Each structure stands twice: as structure tokens, then as C-alpha cells.
$ cat target00.csv   # CSV, C-alpha atoms and all ligand atoms
chain,number,residue,atom,x,y,z
A,1,MET,CA,-27.0,-19.1,14.4
A,2,LYS,CA,-28.3,-22.4,13.1
A,3,LEU,CA,-26.9,-23.0,9.6
A,4,LEU,CA,-27.9,-25.4,6.9
A,5,ILE,CA,-25.0,-26.2,4.7
A,6,THR,CA,-25.7,-28.0,1.4
A,7,GLY,CA,-22.8,-29.9,-0.1
A,8,GLY,CA,-20.9,-29.9,3.2
A,9,ALA,CA,-19.2,-33.2,2.5
A,10,GLY,CA,-17.4,-31.8,-0.5
A,11,PHE,CA,-14.1,-29.9,-0.6
A,12,ILE,CA,-15.1,-26.3,0.2
A,13,GLY,CA,-18.2,-27.2,2.2
A,14,SER,CA,-16.3,-29.4,4.6
A,15,ASN,CA,-13.6,-26.8,5.2
A,16,PHE,CA,-16.4,-24.2,5.8
A,17,ILE,CA,-18.0,-26.4,8.4
A,18,ARG,CA,-14.7,-26.9,10.3
A,19,HIS,CA,-14.1,-23.1,10.1
A,20,ILE,CA,-17.5,-22.3,11.6
A,21,LEU,CA,-17.3,-24.9,14.4
A,22,LYS,CA,-13.8,-23.8,15.3
A,23,ASN,CA,-14.6,-20.1,15.4
A,24,TYR,CA,-18.3,-19.8,16.7
A,25,GLN,CA,-19.1,-21.8,19.8
A,26,GLU,CA,-22.8,-20.7,19.6
A,27,ASP,CA,-23.4,-21.8,16.0
A,28,SER,CA,-24.8,-25.2,15.0
A,29,ILE,CA,-24.7,-26.8,11.6
A,30,ILE,CA,-26.8,-29.2,9.6
A,31,ASN,CA,-24.9,-30.7,6.7
A,32,PHE,CA,-27.3,-31.7,3.9
A,33,ASP,CA,-25.4,-33.7,1.2
A,34,LYS,CA,-26.3,-36.4,-1.3
A,35,LEU,CA,-22.8,-38.0,-1.0
A,36,THR,CA,-22.1,-38.1,-4.8
A,37,TYR,CA,-18.7,-39.3,-5.9
A,38,ALA,CA,-17.3,-36.0,-4.6
A,39,GLY,CA,-18.9,-36.1,-1.2
A,40,ASN,CA,-16.9,-37.9,1.5
A,41,LEU,CA,-17.8,-38.0,5.2
A,42,GLU,CA,-14.1,-38.8,5.9
A,43,ASN,CA,-13.6,-35.0,5.2
A,44,LEU,CA,-15.4,-34.4,8.5
A,45,LYS,CA,-14.1,-37.2,10.7
A,46,GLU,CA,-12.6,-34.8,13.3
A,47,ILE,CA,-15.9,-33.0,14.0
A,48,GLU,CA,-18.5,-35.7,13.4
A,49,SER,CA,-19.1,-36.2,17.2
A,50,ASP,CA,-19.4,-32.5,17.9
A,51,LYS,CA,-22.9,-31.9,19.4
A,52,ARG,CA,-23.3,-28.8,17.3
A,53,TYR,CA,-23.0,-30.8,14.1
A,54,SER,CA,-25.5,-33.1,12.3
A,55,PHE,CA,-25.6,-34.8,9.0
A,56,ILE,CA,-28.6,-35.5,6.7
A,57,LYS,CA,-28.1,-37.6,3.5
A,58,GLY,CA,-30.3,-35.8,1.0
A,59,ASP,CA,-30.6,-34.4,-2.5
A,60,VAL,CA,-31.1,-30.7,-3.1
A,61,THR,CA,-33.5,-31.5,-5.9
A,62,ASP,CA,-35.9,-33.3,-3.5
A,63,VAL,CA,-38.2,-30.5,-2.3
A,64,ASN,CA,-39.7,-32.3,0.7
A,65,ALA,CA,-36.3,-33.4,2.0
A,66,VAL,CA,-34.9,-29.9,1.7
A,67,LYS,CA,-38.0,-28.5,3.4
A,68,ASP,CA,-37.7,-30.9,6.3
A,69,ALA,CA,-34.0,-30.1,6.8
A,70,CYS,CA,-34.5,-26.3,6.6
A,71,LYS,CA,-37.1,-26.0,9.4
A,72,GLY,CA,-36.0,-23.4,12.0
A,73,VAL,CA,-32.6,-22.5,10.4
A,74,ASP,CA,-31.3,-19.0,10.3
A,75,ALA,CA,-29.4,-19.2,7.1
A,76,VAL,CA,-28.8,-21.6,4.2
A,77,ILE,CA,-25.4,-21.7,2.6
A,78,HIS,CA,-25.7,-23.5,-0.7
A,79,PHE,CA,-22.5,-25.1,-1.8
A,80,ALA,CA,-23.9,-28.4,-3.3
A,81,ALA,CA,-23.2,-28.7,-7.0
A,82,GLU,CA,-21.6,-30.8,-9.7
A,83,SER,CA,-18.3,-28.9,-9.8
A,84,HIS,CA,-15.9,-30.4,-12.3
A,85,VAL,CA,-15.6,-28.7,-15.8
A,86,ASP,CA,-14.2,-31.8,-17.5
A,87,ARG,CA,-17.1,-34.0,-16.3
A,88,SER,CA,-19.6,-31.4,-17.6
A,89,ILE,CA,-18.0,-31.7,-21.0
A,90,HIS,CA,-18.6,-35.5,-21.0
A,91,SER,CA,-22.3,-34.8,-20.0
A,92,GLY,CA,-24.0,-31.7,-18.8
A,93,HIS,CA,-27.3,-33.3,-17.7
A,94,GLU,CA,-26.5,-33.8,-14.0
A,95,PHE,CA,-25.0,-30.3,-13.9
A,96,ILE,CA,-28.3,-28.8,-15.1
A,97,HIS,CA,-30.4,-30.9,-12.7
A,98,THR,CA,-28.4,-30.3,-9.5
A,99,ASN,CA,-26.9,-26.8,-10.2
A,100,VAL,CA,-30.0,-25.2,-11.8
A,101,PHE,CA,-33.1,-27.1,-10.7
A,102,GLY,CA,-31.5,-27.8,-7.3
A,103,THR,CA,-30.8,-24.1,-6.7
A,104,GLN,CA,-34.4,-23.3,-7.6
A,105,VAL,CA,-35.6,-25.8,-5.0
A,106,ILE,CA,-33.4,-24.2,-2.3
A,107,ILE,CA,-34.6,-20.7,-3.3
A,108,ASP,CA,-38.3,-21.8,-3.1
A,109,VAL,CA,-37.8,-23.4,0.4
A,110,VAL,CA,-36.0,-20.3,1.7
A,111,HIS,CA,-38.9,-18.2,0.4
A,112,GLU,CA,-41.6,-20.4,1.7
A,113,LEU,CA,-40.1,-20.9,5.2
A,114,LYS,CA,-39.1,-17.2,5.4
A,115,ILE,CA,-35.5,-18.2,6.2
A,116,PRO,CA,-33.7,-14.9,6.9
A,117,LYS,CA,-30.6,-15.5,4.7
A,118,MET,CA,-29.3,-17.6,1.8
A,119,ILE,CA,-25.9,-17.6,0.2
A,120,LEU,CA,-25.5,-19.1,-3.2
A,121,ILE,CA,-21.9,-20.2,-3.7
A,122,SER,CA,-21.1,-19.4,-7.3
A,123,THR,CA,-17.9,-19.0,-9.3
A,124,ASP,CA,-15.8,-16.6,-11.2
A,125,GLU,CA,-16.3,-18.9,-14.2
A,126,VAL,CA,-19.7,-17.3,-14.9
A,127,TYR,CA,-17.9,-14.3,-16.5
A,128,GLY,CA,-16.0,-16.5,-18.9
A,129,ASP,CA,-12.4,-15.7,-19.6
A,130,ILE,CA,-11.1,-12.2,-19.8
A,131,GLU,CA,-8.2,-10.7,-21.6
A,132,SER,CA,-5.2,-9.4,-19.6
A,133,PRO,CA,-4.9,-7.0,-17.9
A,134,ASN,CA,-8.7,-6.6,-17.5
A,135,LYS,CA,-10.7,-7.9,-14.5
A,136,SER,CA,-14.3,-9.1,-14.4
A,137,LYS,CA,-16.5,-7.4,-11.9
A,138,ASP,CA,-19.9,-7.6,-10.4
A,139,GLY,CA,-22.4,-6.3,-12.9
A,140,ASP,CA,-20.5,-7.6,-16.0
A,141,ALA,CA,-22.5,-9.8,-18.3
A,142,PHE,CA,-22.2,-13.6,-17.8
A,143,LYS,CA,-20.3,-15.3,-20.7
A,144,PRO,CA,-19.9,-19.0,-19.5
A,145,SER,CA,-17.8,-21.3,-21.7
A,146,ASN,CA,-18.7,-24.8,-20.6
A,147,PRO,CA,-21.8,-26.7,-19.3
A,148,TYR,CA,-20.6,-26.4,-15.7
A,149,SER,CA,-20.2,-22.6,-15.8
A,150,ALA,CA,-23.4,-22.2,-17.8
A,151,SER,CA,-25.3,-24.2,-15.1
A,152,LYS,CA,-23.8,-21.9,-12.4
A,153,ALA,CA,-24.7,-18.8,-14.4
A,154,GLY,CA,-28.3,-20.3,-14.7
A,155,ALA,CA,-28.4,-20.8,-10.9
A,156,GLU,CA,-27.2,-17.2,-10.3
A,157,SER,CA,-29.8,-15.8,-12.7
A,158,LEU,CA,-32.6,-17.6,-10.8
A,159,ALA,CA,-31.2,-16.2,-7.5
A,160,ILE,CA,-31.0,-12.7,-8.8
A,161,ALA,CA,-34.6,-13.0,-10.2
A,162,ALA,CA,-35.9,-14.4,-6.9
A,163,HIS,CA,-34.4,-11.5,-5.0
A,164,ARG,CA,-35.9,-8.9,-7.3
A,165,THR,CA,-39.3,-10.6,-7.8
A,166,HIS,CA,-40.0,-12.1,-4.4
A,167,GLU,CA,-37.4,-10.3,-2.2
A,168,VAL,CA,-35.9,-13.7,-1.3
A,169,PRO,CA,-32.9,-12.7,1.0
A,170,ILE,CA,-30.1,-14.0,-1.2
A,171,MET,CA,-26.4,-13.1,-1.4
A,172,ILE,CA,-23.9,-14.6,-3.8
A,173,THR,CA,-20.2,-15.3,-3.7
A,174,ARG,CA,-18.1,-15.9,-6.8
A,175,SER,CA,-14.6,-17.1,-5.9
A,176,THR,CA,-11.7,-18.0,-8.0
A,177,ASN,CA,-10.1,-21.5,-8.0
A,178,ASN,CA,-9.8,-22.8,-4.4
A,179,TYR,CA,-7.0,-25.2,-3.3
A,180,GLY,CA,-6.2,-26.7,0.1
A,181,PHE,CA,-7.0,-29.7,2.3
A,182,TYR,CA,-9.6,-32.4,1.2
A,183,HIS,CA,-9.6,-31.2,-2.4
A,184,PHE,CA,-10.9,-34.0,-4.6
A,185,PRO,CA,-8.0,-35.3,-6.8
A,186,GLU,CA,-9.7,-34.7,-10.1
A,187,LYS,CA,-8.9,-31.0,-10.2
A,188,LEU,CA,-5.5,-29.7,-11.3
A,189,LEU,CA,-3.6,-29.2,-8.0
A,190,PRO,CA,-4.7,-32.3,-6.0
A,191,LEU,CA,-4.4,-34.5,-9.1
A,192,PHE,CA,-0.9,-33.3,-9.9
A,193,ILE,CA,0.3,-33.5,-6.3
A,194,THR,CA,-1.1,-37.0,-5.7
A,195,ASN,CA,0.2,-38.3,-9.1
A,196,LEU,CA,3.6,-36.9,-8.3
A,197,LEU,CA,3.6,-38.5,-4.8
A,198,ASP,CA,2.9,-41.8,-6.7
A,199,ASN,CA,5.7,-41.0,-9.2
A,200,LYS,CA,3.2,-40.7,-12.0
A,201,LYS,CA,3.3,-38.0,-14.7
A,202,VAL,CA,0.9,-35.0,-14.7
A,203,PRO,CA,-1.3,-34.3,-17.7
A,204,LEU,CA,-0.9,-30.6,-18.5
A,205,TYR,CA,-3.5,-29.4,-21.0
A,206,ASP,CA,-3.0,-27.2,-24.0
A,207,GLY,CA,0.5,-25.9,-23.4
A,208,GLY,CA,-0.1,-24.9,-19.8
A,209,THR,CA,-0.5,-21.2,-20.7
A,210,GLN,CA,-3.9,-20.7,-19.0
A,211,ILE,CA,-4.2,-18.4,-15.9
A,212,ARG,CA,-6.2,-19.0,-12.7
A,213,ASP,CA,-6.1,-17.0,-9.5
A,214,TRP,CA,-5.5,-19.6,-6.8
A,215,LEU,CA,-7.3,-19.0,-3.5
A,216,TYR,CA,-6.5,-20.9,-0.4
A,217,VAL,CA,-9.7,-22.6,0.7
A,218,GLU,CA,-9.5,-21.2,4.3
A,219,ASP,CA,-9.4,-17.7,2.9
A,220,ASN,CA,-12.5,-18.4,0.9
A,221,CYS,CA,-14.3,-19.8,4.0
A,222,LYS,CA,-13.4,-16.6,5.9
A,223,ALA,CA,-14.9,-14.5,3.0
A,224,VAL,CA,-18.1,-16.5,2.9
A,225,ASP,CA,-18.4,-16.2,6.7
A,226,LEU,CA,-18.0,-12.5,6.4
A,227,VAL,CA,-20.7,-12.3,3.8
A,228,LEU,CA,-22.9,-14.3,6.1
A,229,ARG,CA,-22.5,-11.9,9.0
A,230,LYS,CA,-21.8,-8.6,7.3
A,231,GLY,CA,-22.9,-8.8,3.7
A,232,SER,CA,-25.9,-6.9,2.2
A,233,ILE,CA,-28.9,-8.8,1.0
A,234,GLY,CA,-29.1,-8.8,-2.8
A,235,GLU,CA,-25.3,-8.3,-3.3
A,236,ALA,CA,-22.8,-10.5,-5.1
A,237,TYR,CA,-19.2,-10.6,-3.9
A,238,ASP,CA,-16.3,-11.6,-6.1
A,239,ILE,CA,-13.5,-13.3,-4.1
A,240,ALA,CA,-9.9,-13.5,-5.3
A,241,PRO,CA,-6.5,-13.2,-3.7
A,242,GLU,CA,-5.1,-10.8,-6.3
A,243,ASN,CA,-2.0,-10.7,-4.2
A,244,ASP,CA,0.5,-12.9,-6.1
A,245,PRO,CA,1.7,-12.1,-9.6
A,246,GLU,CA,-0.5,-14.1,-12.0
A,247,VAL,CA,0.7,-17.7,-12.7
A,248,THR,CA,0.0,-19.9,-15.6
A,249,ASN,CA,-0.8,-23.6,-15.2
A,250,GLY,CA,2.7,-24.4,-16.4
A,251,GLU,CA,4.2,-22.2,-13.8
A,252,ILE,CA,2.2,-23.6,-10.9
A,253,THR,CA,3.0,-27.1,-12.1
A,254,LYS,CA,6.7,-26.2,-11.9
A,255,MET,CA,6.2,-24.8,-8.4
A,256,ILE,CA,4.8,-28.1,-7.3
A,257,LEU,CA,7.6,-30.0,-9.1
A,258,ALA,CA,10.2,-27.9,-7.2
A,259,ILE,CA,8.6,-28.4,-3.8
A,260,LEU,CA,8.5,-32.2,-4.4
A,261,ASN,CA,12.0,-32.2,-6.0
A,262,LYS,CA,10.8,-33.7,-9.3
A,263,GLY,CA,12.0,-32.8,-12.8
A,264,GLU,CA,10.0,-31.3,-15.7
A,265,ASP,CA,10.1,-34.7,-17.4
A,266,MET,CA,7.2,-35.6,-15.2
A,267,ILE,CA,5.0,-33.2,-17.3
A,268,GLU,CA,2.9,-35.0,-19.9
A,269,PRO,CA,1.6,-32.4,-22.4
A,270,VAL,CA,-1.9,-33.3,-23.6
A,271,GLU,CA,-4.2,-31.5,-26.0
A,272,GLY,CA,-7.9,-31.5,-26.7
A,273,LEU,CA,-9.3,-32.8,-23.4
A,274,ARG,CA,-10.9,-29.4,-22.6
A,275,PRO,CA,-12.6,-28.0,-25.7
A,276,GLY,CA,-13.5,-24.3,-25.2
A,277,HIS,CA,-10.7,-24.1,-22.5
A,278,ASP,CA,-10.9,-20.7,-20.8
A,279,GLN,CA,-7.6,-18.9,-21.1
A,280,ARG,CA,-7.7,-16.5,-18.1
A,281,TYR,CA,-9.9,-15.8,-15.1
A,282,ALA,CA,-9.4,-12.6,-13.1
A,283,VAL,CA,-12.0,-10.8,-10.9
A,284,ASP,CA,-12.0,-7.6,-9.0
A,285,SER,CA,-12.3,-8.4,-5.3
A,286,SER,CA,-12.7,-4.8,-4.1
A,287,LYS,CA,-16.3,-5.3,-2.8
A,288,ILE,CA,-15.4,-8.2,-0.4
A,289,ARG,CA,-12.2,-6.3,0.7
A,290,SER,CA,-14.4,-3.3,1.6
A,291,LEU,CA,-16.0,-5.6,4.2
A,292,GLY,CA,-12.6,-6.1,5.7
A,293,TRP,CA,-11.4,-9.4,4.0
A,294,LYS,CA,-7.9,-10.0,2.7
A,295,PRO,CA,-6.1,-13.3,2.0
A,296,SER,CA,-3.9,-14.7,4.7
A,297,VAL,CA,-1.3,-16.7,2.8
A,298,SER,CA,0.8,-16.3,-0.4
A,299,LEU,CA,0.5,-18.9,-3.1
A,300,LYS,CA,3.9,-20.3,-2.1
A,301,GLN,CA,2.9,-20.8,1.5
A,302,GLY,CA,-0.5,-22.2,0.7
A,303,LEU,CA,1.0,-24.7,-1.8
A,304,GLU,CA,3.6,-25.8,0.7
A,305,GLN,CA,1.0,-26.4,3.4
A,306,THR,CA,-1.3,-28.2,0.9
A,307,ILE,CA,1.5,-30.5,-0.4
A,308,GLN,CA,2.5,-31.3,3.2
A,309,TRP,CA,-1.2,-32.2,3.9
A,310,TYR,CA,-1.3,-34.6,0.9
A,311,GLN,CA,2.0,-36.1,2.1
A,312,ASP,CA,0.6,-36.6,5.6
A,313,ASN,CA,-2.8,-37.9,4.5
A,314,ARG,CA,-2.0,-40.5,1.9
A,315,VAL,CA,-4.7,-42.9,3.2
A,316,TRP,CA,-7.4,-40.2,2.5
A,317,TRP,CA,-6.5,-39.7,-1.1
A,318,GLU,CA,-5.6,-43.4,-1.9
A,319,ASN,CA,-9.1,-44.3,-0.7
A,320,VAL,CA,-10.6,-41.6,-3.0
A,321,LYS,CA,-8.6,-42.7,-6.0
A,322,THR,CA,-10.2,-46.1,-6.3
A,323,GLY,CA,-13.3,-47.6,-7.9
A,324,ASP,CA,-15.3,-45.1,-9.9
A,325,TYR,CA,-12.4,-42.7,-9.9
A,326,GLN,CA,-10.2,-45.1,-11.8
A,327,GLU,CA,-13.0,-45.5,-14.4
A,328,TYR,CA,-13.3,-41.8,-14.8
A,329,TYR,CA,-9.5,-41.4,-15.1
A,330,LYS,CA,-9.4,-44.0,-17.9
A,331,LYS,CA,-12.4,-42.5,-19.7
A,332,HIS,CA,-11.0,-39.0,-19.6
A,333,TYR,CA,-7.3,-39.4,-19.9
A,334,GLY,CA,-7.0,-42.8,-21.6
A,335,ASN,CA,-4.2,-45.0,-20.5
B,1,LIG,P1,-17.2,-30.7,-4.6
B,1,LIG,O1,-17.4,-31.3,-5.9
B,1,LIG,O2,-15.9,-31.0,-3.9
B,1,LIG,O3,-18.4,-30.9,-3.6
B,1,LIG,C1,-19.7,-30.9,-4.0
B,1,LIG,C2,-20.5,-31.5,-2.8
B,1,LIG,O4,-21.9,-31.3,-3.2
B,1,LIG,C3,-20.3,-32.9,-2.6
B,1,LIG,O5,-20.2,-33.2,-1.2
B,1,LIG,C4,-21.5,-33.6,-3.2
B,1,LIG,O6,-21.9,-34.9,-2.6
B,1,LIG,C5,-22.6,-32.6,-3.0
B,1,LIG,N1,-23.7,-32.7,-3.9
B,1,LIG,C6,-23.6,-32.8,-5.3
B,1,LIG,N2,-24.9,-32.9,-5.8
B,1,LIG,C7,-25.7,-32.8,-4.8
B,1,LIG,C8,-27.2,-32.9,-4.6
B,1,LIG,N3,-27.9,-33.1,-5.7
B,1,LIG,N4,-27.7,-32.8,-3.4
B,1,LIG,C9,-26.9,-32.6,-2.3
B,1,LIG,N5,-25.6,-32.6,-2.4
B,1,LIG,C10,-25.0,-32.7,-3.6
B,1,LIG,O7,-17.3,-29.1,-4.9
B,1,LIG,P2,-16.4,-27.9,-4.3
B,1,LIG,O8,-15.2,-27.7,-5.1
B,1,LIG,O9,-16.4,-28.0,-2.8
B,1,LIG,O10,-17.4,-26.7,-4.7
B,1,LIG,C11,-18.4,-26.2,-3.8
B,1,LIG,C12,-19.2,-25.1,-4.4
B,1,LIG,O11,-18.3,-24.0,-4.7
B,1,LIG,C13,-19.8,-25.4,-5.8
B,1,LIG,O12,-21.1,-24.8,-5.8
B,1,LIG,C14,-18.8,-24.9,-6.8
B,1,LIG,O13,-19.5,-24.5,-8.0
B,1,LIG,C15,-18.3,-23.7,-6.1
B,1,LIG,N6,-17.0,-23.2,-6.4
B,1,LIG,C16,-15.9,-24.1,-6.4
B,1,LIG,C17,-14.6,-23.6,-6.6
B,1,LIG,C18,-13.4,-24.5,-6.5
B,1,LIG,O14,-12.3,-24.1,-6.9
B,1,LIG,N7,-13.6,-25.7,-6.1
B,1,LIG,C19,-14.4,-22.2,-6.9
B,1,LIG,C20,-15.6,-21.4,-7.0
B,1,LIG,C21,-16.8,-21.9,-6.7
B,2,LIG,O1,-12.6,-20.7,-11.2
B,2,LIG,C1,-13.4,-21.4,-10.3
B,2,LIG,C2,-13.6,-22.8,-10.7
B,2,LIG,O2,-12.3,-23.5,-10.5
B,2,LIG,C3,-14.7,-23.6,-10.0
B,2,LIG,O3,-15.9,-23.0,-10.3
B,2,LIG,C4,-14.7,-25.1,-10.4
B,2,LIG,O4,-15.7,-25.8,-9.6
B,2,LIG,C5,-13.3,-25.6,-10.1
B,2,LIG,O5,-13.3,-27.0,-10.6
B,2,LIG,C6,-12.3,-24.8,-10.9
B,2,LIG,O6,-12.4,-25.0,-12.3
B,2,LIG,P1,-11.1,-25.1,-13.3
B,2,LIG,O7,-11.6,-25.7,-14.5
B,2,LIG,O8,-10.4,-23.8,-13.4
B,2,LIG,O9,-10.2,-26.1,-12.4
B,2,LIG,P2,-9.4,-27.4,-12.8
B,2,LIG,O10,-8.6,-27.8,-11.6
B,2,LIG,O11,-10.3,-28.5,-13.4
B,2,LIG,O12,-8.4,-26.8,-13.9
B,2,LIG,C7,-7.6,-25.8,-13.7
B,2,LIG,C8,-6.7,-25.5,-14.9
B,2,LIG,O13,-5.9,-26.6,-15.1
B,2,LIG,C9,-7.5,-25.4,-16.2
B,2,LIG,O14,-6.9,-24.5,-17.0
B,2,LIG,C10,-7.4,-26.8,-16.8
B,2,LIG,C11,-6.1,-27.3,-16.4
B,2,LIG,N1,-5.9,-28.7,-16.2
B,2,LIG,C12,-6.9,-29.4,-15.4
B,2,LIG,C13,-6.8,-30.7,-15.2
B,2,LIG,C14,-7.9,-31.4,-14.4
B,2,LIG,C15,-4.9,-29.4,-16.7
B,2,LIG,O15,-4.0,-28.8,-17.3
B,2,LIG,N2,-4.8,-30.8,-16.5
B,2,LIG,C16,-5.7,-31.4,-15.8
B,2,LIG,O16,-5.6,-32.7,-15.7

$ encode --input "target00.csv" --output "C-alpha cells"
Amino acid sequence: MKLLITGGAGFIGSNFIRHILKNYQEDSIINFDKLTYAGNLENLKEIESDKRYSFIKGDVTDVNAVKDACKGVDAVIHFAAESHVDRSIHSGHEFIHTNVFGTQVIIDVVHELKIPKMILISTDEVYGDIESPNKSKDGDAFKPSNPYSASKAGAESLAIAAHRTHEVPIMITRSTNNYGFYHFPEKLLPLFITNLLDNKKVPLYDGGTQIRDWLYVEDNCKAVDLVLRKGSIGEAYDIAPENDPEVTNGEITKMILAILNKGEDMIEPVEGLRPGHDQRYAVDSSKIRSLGWKPSVSLKQGLEQTIQWYQDNRVWWENVKTGDYQEYYKKHYGN
């Protein structure tokens, strides 16, 4: 298959590209990415000379550029998005432009060029938070809590409508929080790991009682791959490990501290940086499991592998944590 990946220079997109090139000799990939602050071609260094891979610097809101890039492809996998909740709280505009308008552009091009398949990469956040022990499941109403998740719910609504109205061949995945290699260090896990490797404290929000279901990125890539090859058009698949007992942010922080031999005095409790903070996400992943998917690592194994990667790849994250990143850090966390 010839695949067009949007947002392939970001965290999950770059892992997905590596996954496809490693596992399917006959597939080729066009990576279409604007290279925002979160896009980094260093994430793809090891495959950039692979003849099956090519890169186009482009914006998903630019119809002509998307149309040119999509000619002759068998499927579009749409990862590109503004993805950080905290940034969306500072300003939602870019989130609406890229995540909502940009998704409509992709849908229109898939429709016009009669591309056989599109996958919209969405998120469990569209459901909003859910009380324990309940789980959100496909078909539940969307109840997004912040501008990021609202923009993703908007994108999904457009995709669902396009499938129903125009029979655009769309599938959707909604995964829980990914973690792993090349994760941009503004999100909880890579921020905390890299801060600790630099002997800096970690800013734990709102008492650390919130619950996320941490999914190893390679397992998400396998799930998206399965949907691409075996999923049914018009379906949405919720992806979650659901294996490990649920952990709070405070508990996962302590797991990282233990692996790195650091004390709890490295936790800096902070309040008020995430108004509307969702308490708990949990989704029912039975539909993707019915296609044969299951996670391959426990949270402990995945965390150990991830922390080892950040220890071995200091140059990668030190380069990322410069310039604009420093400005964002000061603006968001203060000094
Ligand atoms: P990321 O922020 O690491 O990467 C986003 C990529 O999209 C970057 O390479 C960026 O340059 C590119 N991009 C942004 N705007 C663009 C535009 N206008 N045109 C073209 N490219 C653009 O994001 P991620 O964490 O890899 O997330 C990828 C997708 O998965 C997103 O759609 C996100 O909503 C979804 N998702 C992420 C998680 C998670 O835990 N990270 C969980 C569930 C769903
Ligand atoms: O659930 C899927 C979503 O997971 C994706 O759709 C998003 O793109 C992705 O960014 C992620 O969103 P979260 O808001 O859950 O991830 P984040 O790493 O930003 O925060 C995880 C939890 O950690 C959340 O409860 C807030 C808390 N947190 C976060 C940061 C950045 C802290 O306590 N301190 C921090 O500095």
C-alpha cells in the first residue's frame, strides 16, 4: 500500500512510520507535516534514506498542497494535530484551525480523489472524564472538557457526518494516553523524566489524583495498523491497555522516581495550571480486541524501556528543550 501519513514528524506519527517500514516491505510512505514546534525530523533520522519513505513539508489546512500529496495513495492516516491540552487552554485558535478545519480539508480530498481509506486519529478525551468504575464506549455522547478535546470532537463529528452523507470511507481510532520514544517533553511522562534526569523538580498538578490509562506507543501503532488492514469502514475503535490496575498521576510519578532512584522531595505540587482538569479517562477497548489486538507490555516494562531511551538519547531531548520550548515553559509554569 502507498500511505499518506499526516503529522508523521510528531510523536505517534513517527513511531507509526517506523512500525510500517519495519513490518511491511511492500508499503511506501509519504509523510506530510508542517513541522510545527512538535514536529521534528530527527524523530525519523534512522529511516530518512529508506527508498520507500518521502517527506513533504505542508499544512493540512492547505487544500492544494494536500491534494497534490494525496494523488495515487491507497490510504490517508491523519495524525496531524495540535495535541497539548495546556497549550489549548492558553489559546484554542490554532487547535480549531488545524484540528477541525484541517480535518475537513483531508476529508474533502479523500472524497474528491476517491481514496479507498482514511483513518482519523482521535482521542479518548472526546468522551470527557468518567466516574469510576464506569468506562466510556463507542456510541457514548461526546463531552469534551477543554479546547483541545473539543476540537478533536469537532473533527470526529465532521468525519462521522462525511461517512454518512457522502460515504467517505473513514475509520476512527480513539486511544488513551500514549507514552514511549520521541515523546515531546511538554507532556507529563517525558517532561517528568527529562526534568529528573536534569535533577529538576516535577510539577504535579492538582494533588496528582487524576487517572489516565497509559498506552505504550508501539501498541497504539499496532492497533492503528490493524484498523488499517482489518477495520470496517464507518467504525470507531477505542484503544486502551486496560491491563494494569489504574494508576493516578501521583502513583506514576512515584514509579518514575523509583526507577531513577530519586526521592519524593522532587515533586513540586502545583495548582490551577489546568482549569477544567479531567479527573479520569477510561474506555472500553473490546471492539479493537475483537480484531485480535492486545497490548504487549505492562506499564512497568514500558516505563523502564522509555526511561532508558531518554537516558540514552539525551541529545535528542536537550535539543528539543531549547528556544521556544523555554519560553513556553516560563509562560506556563513560571519560574
Ligand atoms: P504531536 O504534537 O507529537 O505531533 C503532531 C504532529 O502534527 C507534529 O509533527 C506537527 O508538526 C504536525 N502538525 C501540526 N499541525 C499541522 C498542520 N497544520 N499541518 C501538518 N502537520 C501538522 O502529537 P502526537 O502526540 O503524536 O499525537 C498525534 C495524534 O494522535 C493527534 O491527532 C492527537 O490528537 C492524537 N492522540 C494523541 C495521544 C497522545 O497521548 N499523544 C493520545 C490519543 C490521541
Ligand atoms: O487521553 C489522550 C490524550 O492524552 C491525548 O489526546 C493528548 O493529545 C495527550 O496530550 C494526552 O492528554 P493529557 O492531558 O492526558 O496528557 P498530559 O501529559 O498533558 O497530562 C497527563 C496528566 O498529567 C493530566 O492529568 C495532567 C497532568 N500533568 C500534566 C503536565 C504537563 C501534570 O500533573 N503536570 C504537568 O506538568

$ residues_near_ligand --input "target00.csv" --ligand "ligand LIG 2 (chain B)" --cutoff "6 Å" --atoms "all atoms listed in the file" --output "list in words"
Ser83, His84, Val85, Thr123, Asp124, Glu125, Thr176, Asn177, Glu186, Lys187, Leu188, Pro203, Leu204, Tyr205, Gln210 and Asn249 of chain A

$ residues_near_point --input "target00.csv" --point "(-15.7, -39.4, -7.3)" --cutoff "12 Å" --atoms "only C-alpha atoms" --output "list of chain:residue names"
A:Gly10, A:Phe11, A:Leu35, A:Thr36, A:Tyr37, A:Ala38, A:Gly39, A:Asn40, A:Glu82, A:Ser83, A:His84, A:Arg87, A:His183, A:Phe184, A:Pro185, A:Glu186, A:Lys187, A:Trp317, A:Asn319, A:Val320, A:Lys321, A:Thr322, A:Gly323, A:Asp324, A:Tyr325, A:Gln326, A:Glu327, A:Tyr328, A:Tyr329

$ closest_residue --input "target00.csv" --among "A:Ile267, A:Ile56, A:Leu113, A:Leu228" --to "ligand LIG 1 (chain B)" --atoms "only C-alpha atoms and all ligand atoms"
A:Ile56

$ closest_residue --input "target00.csv" --among "A:Ala141, A:Ile193, A:Ile121, A:Val76" --to "ligand LIG 1 (chain B)" --atoms "only C-alpha atoms and all ligand atoms"
A:Ile121

$ atom_distance --input "target00.csv" --atom1 "CA of Cys70 (chain A)" --atom2 "atom O3 of ligand LIG 1 (chain B)"
19.6 Å

$ axis_aligned_box --input "target00.csv" --around "region 238-244 of chain A" --padding-each-side "4 Å" --output "lines of an AutoDock Vina configuration file"
center_x = -7.9
center_y = -12.1
center_z = -5.0
size_x = 24.8
size_y = 10.8
size_z = 10.6

$ atom_distance --input "target00.csv" --atom1 "CA of Glu271 (chain A)" --atom2 "CA of Tyr216 (chain A)"
27.8 Å

$ residues_near_point --input "target00.csv" --point "(-2.8, -11.5, 5.3)" --cutoff "10 Å" --atoms "all atoms listed in the file" --output "list in words"
Asp219, Pro241, Asn243, Trp293, Lys294, Pro295, Ser296, Val297 and Ser298 of chain A

$ closest_residue --input "target00.csv" --among "A:Asp265, A:Asp50, A:Glu26, A:Glu156" --to "ligand LIG 1 (chain B)" --atoms "all atoms listed in the file"
A:Glu156

$ closest_residue --input "target00.csv" --among "A:Val247, A:Val66, A:Ile89, A:Met1" --to "ligand LIG 1 (chain B)" --atoms "all atoms listed in the file"
A:Val66

$ residues_around --input "target00.csv" --residues "Lys117 (chain A)" --least-positions-apart "3" --cutoff "10 Å" --atoms "only C-alpha atoms" --output "list in words"
Leu3, Val73, Asp74, Ala75, Val76, Ile77, Val110, His111, Lys114, Val168, Pro169, Ile170, Met171, Leu228, Arg229 and Ile233 of chain A

$ atom_distance --input "target00.csv" --atom1 "CA of Ser232 (chain A)" --atom2 "CA of Thr103 (chain A)"
20.0 Å

$ closest_residue --input "target00.csv" --among "A:Thr253, A:Asn31, A:Ser136, A:Ser49" --to "Leu196 (chain A)" --atoms "all atoms listed in the file"
A:Thr253

$ closest_residue --input "target00.csv" --among "A:Lys67, A:Lys34, A:Lys222, A:Arg314" --to "ligand LIG 1 (chain B)" --atoms "all atoms listed in the file"
A:Lys34

$ residues_around --input "target00.csv" --residues "Leu197 (chain A)" --least-positions-apart "2" --cutoff "9 Å" --atoms "only C-alpha atoms" --output "list in words"
Phe192, Ile193, Thr194, Asn195, Asn199, Lys200, Leu260, Tyr310, Gln311 and Arg314 of chain A

$ residues_around --input "target00.csv" --residues "Ala282 (chain A)" --least-positions-apart "4" --cutoff "8 Å" --atoms "only C-alpha atoms" --output "MDAnalysis selection string"
chainID A and resid 124 129:130 134:136 176 212:213 240
